[in-house]
Amino acid sequence: MNLTRRALLPLLAASIALGAAACGGGSDSETAGDPITVGSKDFTEQFILGEMYALVLEDAGLPVERKLNLGGTPVAQAGLESGEIDVYPEYTGTGLVTVLKLPASSDQQAVFEAVSEGYKEQYNLVWLDPAPMNNTQALAMTQAGAAESGIQT
């Protein structure tokens, strides 16, 4: 999928704003002026996504606090559960397998539904709509190297 920055940012903004609204109202001490705390895990892609979330929220006029580079999934998840952070980017597959301890699946819609239901039931947390991009792992090599090694796709 080839999305330009102009197409992606409004979608991300709407998703984050809806998610931030869904996260609100948890305690009497929360007010509309409290910053939304954006977290991220501890690698480059997460730094970028966390910063994108923060910038989109700020562009929508919302106060933001950044807590990027928290650590791996267990640390970020604990921050979300404790209220230390309000939102962080997470992969549905990681939520499914690492957090919920459910078997992997290649059915993207089924995975999203499983993590949405599982997080709501187990943690009272709401998943935002999936981002309009995919984080697929891939390996690449030259045709000569593949032929030499007998590798076919």
# chains A, B, ... in the order shown; residues from 1 in each chain; ligands from 1

call {"tool": "residues_around", "arguments": {"residues": "A:Leu70", "least_positions_apart": "6", "cutoff": "8 Å", "atoms": "only C-alpha atoms", "output": "list in words"}}
result
Gly39, Ser40, Lys41, Asp42 and Ala76 of chain A

call {"tool": "select_by_dssp", "arguments": {"residues": "stretch 110-145 of chain A", "states": "helix (DSSP H, G or I)", "output": "PDB file with N, CA and C atoms, in the first residue's frame"}}
result
ATOM      1  N   ALA A 110      -9.014 -11.538  12.185  1.00  0.00           N
ATOM      2  CA  ALA A 110      -9.216 -12.385  13.367  1.00  0.00           C
ATOM      3  C   ALA A 110      -8.250 -11.996  14.486  1.00  0.00           C
ATOM      4  N   VAL A 111      -7.012 -11.674  14.122  1.00  0.00           N
ATOM      5  CA  VAL A 111      -6.025 -11.255  15.123  1.00  0.00           C
ATOM      6  C   VAL A 111      -6.466  -9.948  15.771  1.00  0.00           C
ATOM      7  N   PHE A 112      -6.891  -8.979  14.954  1.00  0.00           N
ATOM      8  CA  PHE A 112      -7.334  -7.701  15.508  1.00  0.00           C
ATOM      9  C   PHE A 112      -8.529  -7.898  16.445  1.00  0.00           C
ATOM     10  N   GLU A 113      -9.477  -8.707  16.034  1.00  0.00           N
ATOM     11  CA  GLU A 113     -10.647  -8.960  16.885  1.00  0.00           C
ATOM     12  C   GLU A 113     -10.242  -9.650  18.181  1.00  0.00           C
ATOM     13  N   ALA A 114      -9.317 -10.600  18.097  1.00  0.00           N
ATOM     14  CA  ALA A 114      -8.874 -11.321  19.299  1.00  0.00           C
ATOM     15  C   ALA A 114      -8.158 -10.393  20.278  1.00  0.00           C
ATOM     16  N   VAL A 115      -7.267  -9.525  19.772  1.00  0.00           N
ATOM     17  CA  VAL A 115      -6.573  -8.620  20.694  1.00  0.00           C
ATOM     18  C   VAL A 115      -7.526  -7.558  21.237  1.00  0.00           C
ATOM     19  N   SER A 116      -8.434  -7.079  20.404  1.00  0.00           N
ATOM     20  CA  SER A 116      -9.412  -6.092  20.876  1.00  0.00           C
ATOM     21  C   SER A 116     -10.245  -6.658  22.016  1.00  0.00           C
ATOM     22  N   GLU A 117     -10.756  -7.854  21.819  1.00  0.00           N
ATOM     23  CA  GLU A 117     -11.578  -8.494  22.854  1.00  0.00           C
ATOM     24  C   GLU A 117     -10.742  -8.875  24.072  1.00  0.00           C
ATOM     25  N   GLY A 118      -9.560  -9.451  23.837  1.00  0.00           N
ATOM     26  CA  GLY A 118      -8.705  -9.903  24.932  1.00  0.00           C
ATOM     27  C   GLY A 118      -8.223  -8.769  25.817  1.00  0.00           C
ATOM     28  N   TYR A 119      -7.795  -7.667  25.214  1.00  0.00           N
ATOM     29  CA  TYR A 119      -7.326  -6.520  26.002  1.00  0.00           C
ATOM     30  C   TYR A 119      -8.475  -5.894  26.786  1.00  0.00           C
ATOM     31  N   LYS A 120      -9.661  -5.847  26.166  1.00  0.00           N
ATOM     32  CA  LYS A 120     -10.814  -5.271  26.863  1.00  0.00           C
ATOM     33  C   LYS A 120     -11.183  -6.140  28.069  1.00  0.00           C
ATOM     34  N   GLU A 121     -11.229  -7.453  27.865  1.00  0.00           N
ATOM     35  CA  GLU A 121     -11.605  -8.375  28.943  1.00  0.00           C
ATOM     36  C   GLU A 121     -10.550  -8.445  30.043  1.00  0.00           C
ATOM     37  N   GLN A 122      -9.281  -8.586  29.665  1.00  0.00           N
ATOM     38  CA  GLN A 122      -8.226  -8.813  30.654  1.00  0.00           C
ATOM     39  C   GLN A 122      -7.679  -7.535  31.283  1.00  0.00           C
ATOM     40  N   TYR A 123      -7.658  -6.437  30.524  1.00  0.00           N
ATOM     41  CA  TYR A 123      -6.983  -5.228  31.008  1.00  0.00           C
ATOM     42  C   TYR A 123      -7.872  -3.979  31.005  1.00  0.00           C
ATOM     43  N   GLN A 143      19.685 -12.485  -6.915  1.00  0.00           N
ATOM     44  CA  GLN A 143      19.288 -13.651  -7.701  1.00  0.00           C
ATOM     45  C   GLN A 143      20.447 -14.632  -7.816  1.00  0.00           C
ATOM     46  N   ALA A 144      21.659 -14.096  -7.965  1.00  0.00           N
ATOM     47  CA  ALA A 144      22.835 -14.962  -8.083  1.00  0.00           C
ATOM     48  C   ALA A 144      23.032 -15.768  -6.800  1.00  0.00           C
ATOM     49  N   GLY A 145      22.889 -15.132  -5.658  1.00  0.00           N
ATOM     50  CA  GLY A 145      23.032 -15.832  -4.381  1.00  0.00           C
ATOM     51  C   GLY A 145      21.957 -16.886  -4.194  1.00  0.00           C
TER      52      GLY A 145
END

call {"tool": "atom_distance", "arguments": {"atom1": "atom CA of A:Leu49", "atom2": "atom CA of A:Tyr91"}}
result
11.5 Å

call {"tool": "residues_around", "arguments": {"residues": "A:Leu62", "least_positions_apart": "3", "cutoff": "8 Å", "atoms": "only C-alpha atoms", "output": "list in words"}}
result
Gly33, Pro35, Ile36, Leu57, Glu58 and Asp59 of chain A

call {"tool": "closest_residue", "arguments": {"among": "A:Gln46, A:Asn134, A:Thr37, A:Ser82", "to": "A:Lys67", "atoms": "only C-alpha atoms"}}
result
A:Thr37

call {"tool": "closest_residue", "arguments": {"among": "A:Thr98, A:Val87, A:Gly50, A:Leu125", "to": "A:Thr73", "atoms": "only C-alpha atoms"}}
result
A:Thr98

call {"tool": "closest_residue", "arguments": {"among": "A:Thr136, A:Asp34, A:Phe43, A:Glu51", "to": "A:Pro63", "atoms": "only C-alpha atoms"}}
result
A:Asp34

call {"tool": "closest_residue", "arguments": {"among": "A:Val126, A:Val97, A:Glu148, A:Pro132", "to": "A:Glu81", "atoms": "only C-alpha atoms"}}
result
A:Val126

call {"tool": "atom_distance", "arguments": {"atom1": "atom CA of A:Gly83", "atom2": "atom CA of A:Ser105"}}
result
29.5 Å

call {"tool": "atom_distance", "arguments": {"atom1": "atom CA of A:Leu128", "atom2": "atom CA of A:Val99"}}
result
16.4 Å

call {"tool": "decode", "arguments": {"residues": "stretch 86-123 of chain A", "atoms": "N, CA and C atoms", "output": "CSV table (one decimal), in the first residue's frame"}}
result
chain,number,residue,atom,x,y,z
A,86,ASP,N,-0.6,6.6,28.4
A,86,ASP,CA,-1.9,6.5,27.9
A,86,ASP,C,-2.1,5.7,26.6
A,87,VAL,N,-1.0,5.8,25.8
A,87,VAL,CA,-1.0,5.1,24.5
A,87,VAL,C,0.4,4.8,24.1
A,88,TYR,N,0.6,3.7,23.3
A,88,TYR,CA,1.8,3.4,22.7
A,88,TYR,C,1.6,2.5,21.5
A,89,PRO,N,2.4,2.6,20.5
A,89,PRO,CA,2.1,1.7,19.3
A,89,PRO,C,2.5,0.3,19.6
A,90,GLU,N,1.6,-0.6,19.2
A,90,GLU,CA,1.9,-2.0,19.5
A,90,GLU,C,1.4,-2.8,18.2
A,91,TYR,N,2.0,-3.9,18.0
A,91,TYR,CA,1.7,-4.7,16.8
A,91,TYR,C,0.6,-5.7,17.3
A,92,THR,N,-0.4,-6.0,16.4
A,92,THR,CA,-1.4,-6.9,16.8
A,92,THR,C,-0.9,-8.3,17.1
A,93,GLY,N,0.1,-8.7,16.3
A,93,GLY,CA,0.7,-10.1,16.5
A,93,GLY,C,1.4,-10.2,17.8
A,94,THR,N,2.1,-9.1,18.3
A,94,THR,CA,2.7,-9.1,19.6
A,94,THR,C,1.7,-9.1,20.7
A,95,GLY,N,0.6,-8.3,20.5
A,95,GLY,CA,-0.4,-8.3,21.5
A,95,GLY,C,-1.0,-9.7,21.6
A,96,LEU,N,-1.2,-10.4,20.5
A,96,LEU,CA,-1.8,-11.7,20.5
A,96,LEU,C,-0.9,-12.7,21.2
A,97,VAL,N,0.3,-12.8,20.7
A,97,VAL,CA,1.2,-13.9,21.2
A,97,VAL,C,1.9,-13.6,22.5
A,98,THR,N,2.5,-12.4,22.6
A,98,THR,CA,3.3,-12.1,23.7
A,98,THR,C,2.5,-11.7,24.9
A,99,VAL,N,1.5,-10.8,24.7
A,99,VAL,CA,0.7,-10.3,25.9
A,99,VAL,C,-0.4,-11.3,26.2
A,100,LEU,N,-1.2,-11.7,25.3
A,100,LEU,CA,-2.4,-12.5,25.5
A,100,LEU,C,-2.1,-14.0,25.6
A,101,LYS,N,-0.9,-14.4,25.1
A,101,LYS,CA,-0.4,-15.8,25.1
A,101,LYS,C,-1.3,-16.7,24.2
A,102,LEU,N,-1.8,-16.1,23.1
A,102,LEU,CA,-2.7,-16.9,22.2
A,102,LEU,C,-1.9,-17.3,21.0
A,103,PRO,N,-2.3,-18.4,20.3
A,103,PRO,CA,-1.5,-18.9,19.2
A,103,PRO,C,-1.5,-17.8,18.0
A,104,ALA,N,-0.5,-17.8,17.3
A,104,ALA,CA,-0.3,-16.9,16.1
A,104,ALA,C,-1.3,-17.3,15.0
A,105,SER,N,-1.7,-16.3,14.2
A,105,SER,CA,-2.6,-16.5,13.1
A,105,SER,C,-2.2,-15.6,12.0
A,106,SER,N,-2.5,-16.0,10.8
A,106,SER,CA,-2.2,-15.1,9.6
A,106,SER,C,-3.4,-14.4,9.2
A,107,ASP,N,-4.6,-14.6,9.8
A,107,ASP,CA,-5.8,-13.9,9.5
A,107,ASP,C,-5.8,-12.5,10.3
A,108,GLN,N,-5.5,-11.4,9.5
A,108,GLN,CA,-5.3,-10.1,10.2
A,108,GLN,C,-6.6,-9.7,10.9
A,109,GLN,N,-7.8,-9.9,10.3
A,109,GLN,CA,-9.0,-9.4,11.0
A,109,GLN,C,-9.2,-10.2,12.2
A,110,ALA,N,-9.0,-11.5,12.2
A,110,ALA,CA,-9.2,-12.4,13.4
A,110,ALA,C,-8.2,-12.0,14.5
A,111,VAL,N,-7.0,-11.7,14.1
A,111,VAL,CA,-6.0,-11.3,15.1
A,111,VAL,C,-6.5,-9.9,15.8
A,112,PHE,N,-6.9,-9.0,15.0
A,112,PHE,CA,-7.3,-7.7,15.5
A,112,PHE,C,-8.5,-7.9,16.4
A,113,GLU,N,-9.5,-8.7,16.0
A,113,GLU,CA,-10.6,-9.0,16.9
A,113,GLU,C,-10.2,-9.6,18.2
A,114,ALA,N,-9.3,-10.6,18.1
A,114,ALA,CA,-8.9,-11.3,19.3
A,114,ALA,C,-8.2,-10.4,20.3
A,115,VAL,N,-7.3,-9.5,19.8
A,115,VAL,CA,-6.6,-8.6,20.7
A,115,VAL,C,-7.5,-7.6,21.2
A,116,SER,N,-8.4,-7.1,20.4
A,116,SER,CA,-9.4,-6.1,20.9
A,116,SER,C,-10.2,-6.7,22.0
A,117,GLU,N,-10.8,-7.9,21.8
A,117,GLU,CA,-11.6,-8.5,22.9
A,117,GLU,C,-10.7,-8.9,24.1
A,118,GLY,N,-9.6,-9.5,23.8
A,118,GLY,CA,-8.7,-9.9,24.9
A,118,GLY,C,-8.2,-8.8,25.8
A,119,TYR,N,-7.8,-7.7,25.2
A,119,TYR,CA,-7.3,-6.5,26.0
A,119,TYR,C,-8.5,-5.9,26.8
A,120,LYS,N,-9.7,-5.8,26.2
A,120,LYS,CA,-10.8,-5.3,26.9
A,120,LYS,C,-11.2,-6.1,28.1
A,121,GLU,N,-11.2,-7.5,27.9
A,121,GLU,CA,-11.6,-8.4,28.9
A,121,GLU,C,-10.5,-8.4,30.0
A,122,GLN,N,-9.3,-8.6,29.7
A,122,GLN,CA,-8.2,-8.8,30.7
A,122,GLN,C,-7.7,-7.5,31.3
A,123,TYR,N,-7.7,-6.4,30.5
A,123,TYR,CA,-7.0,-5.2,31.0
A,123,TYR,C,-7.9,-4.0,31.0
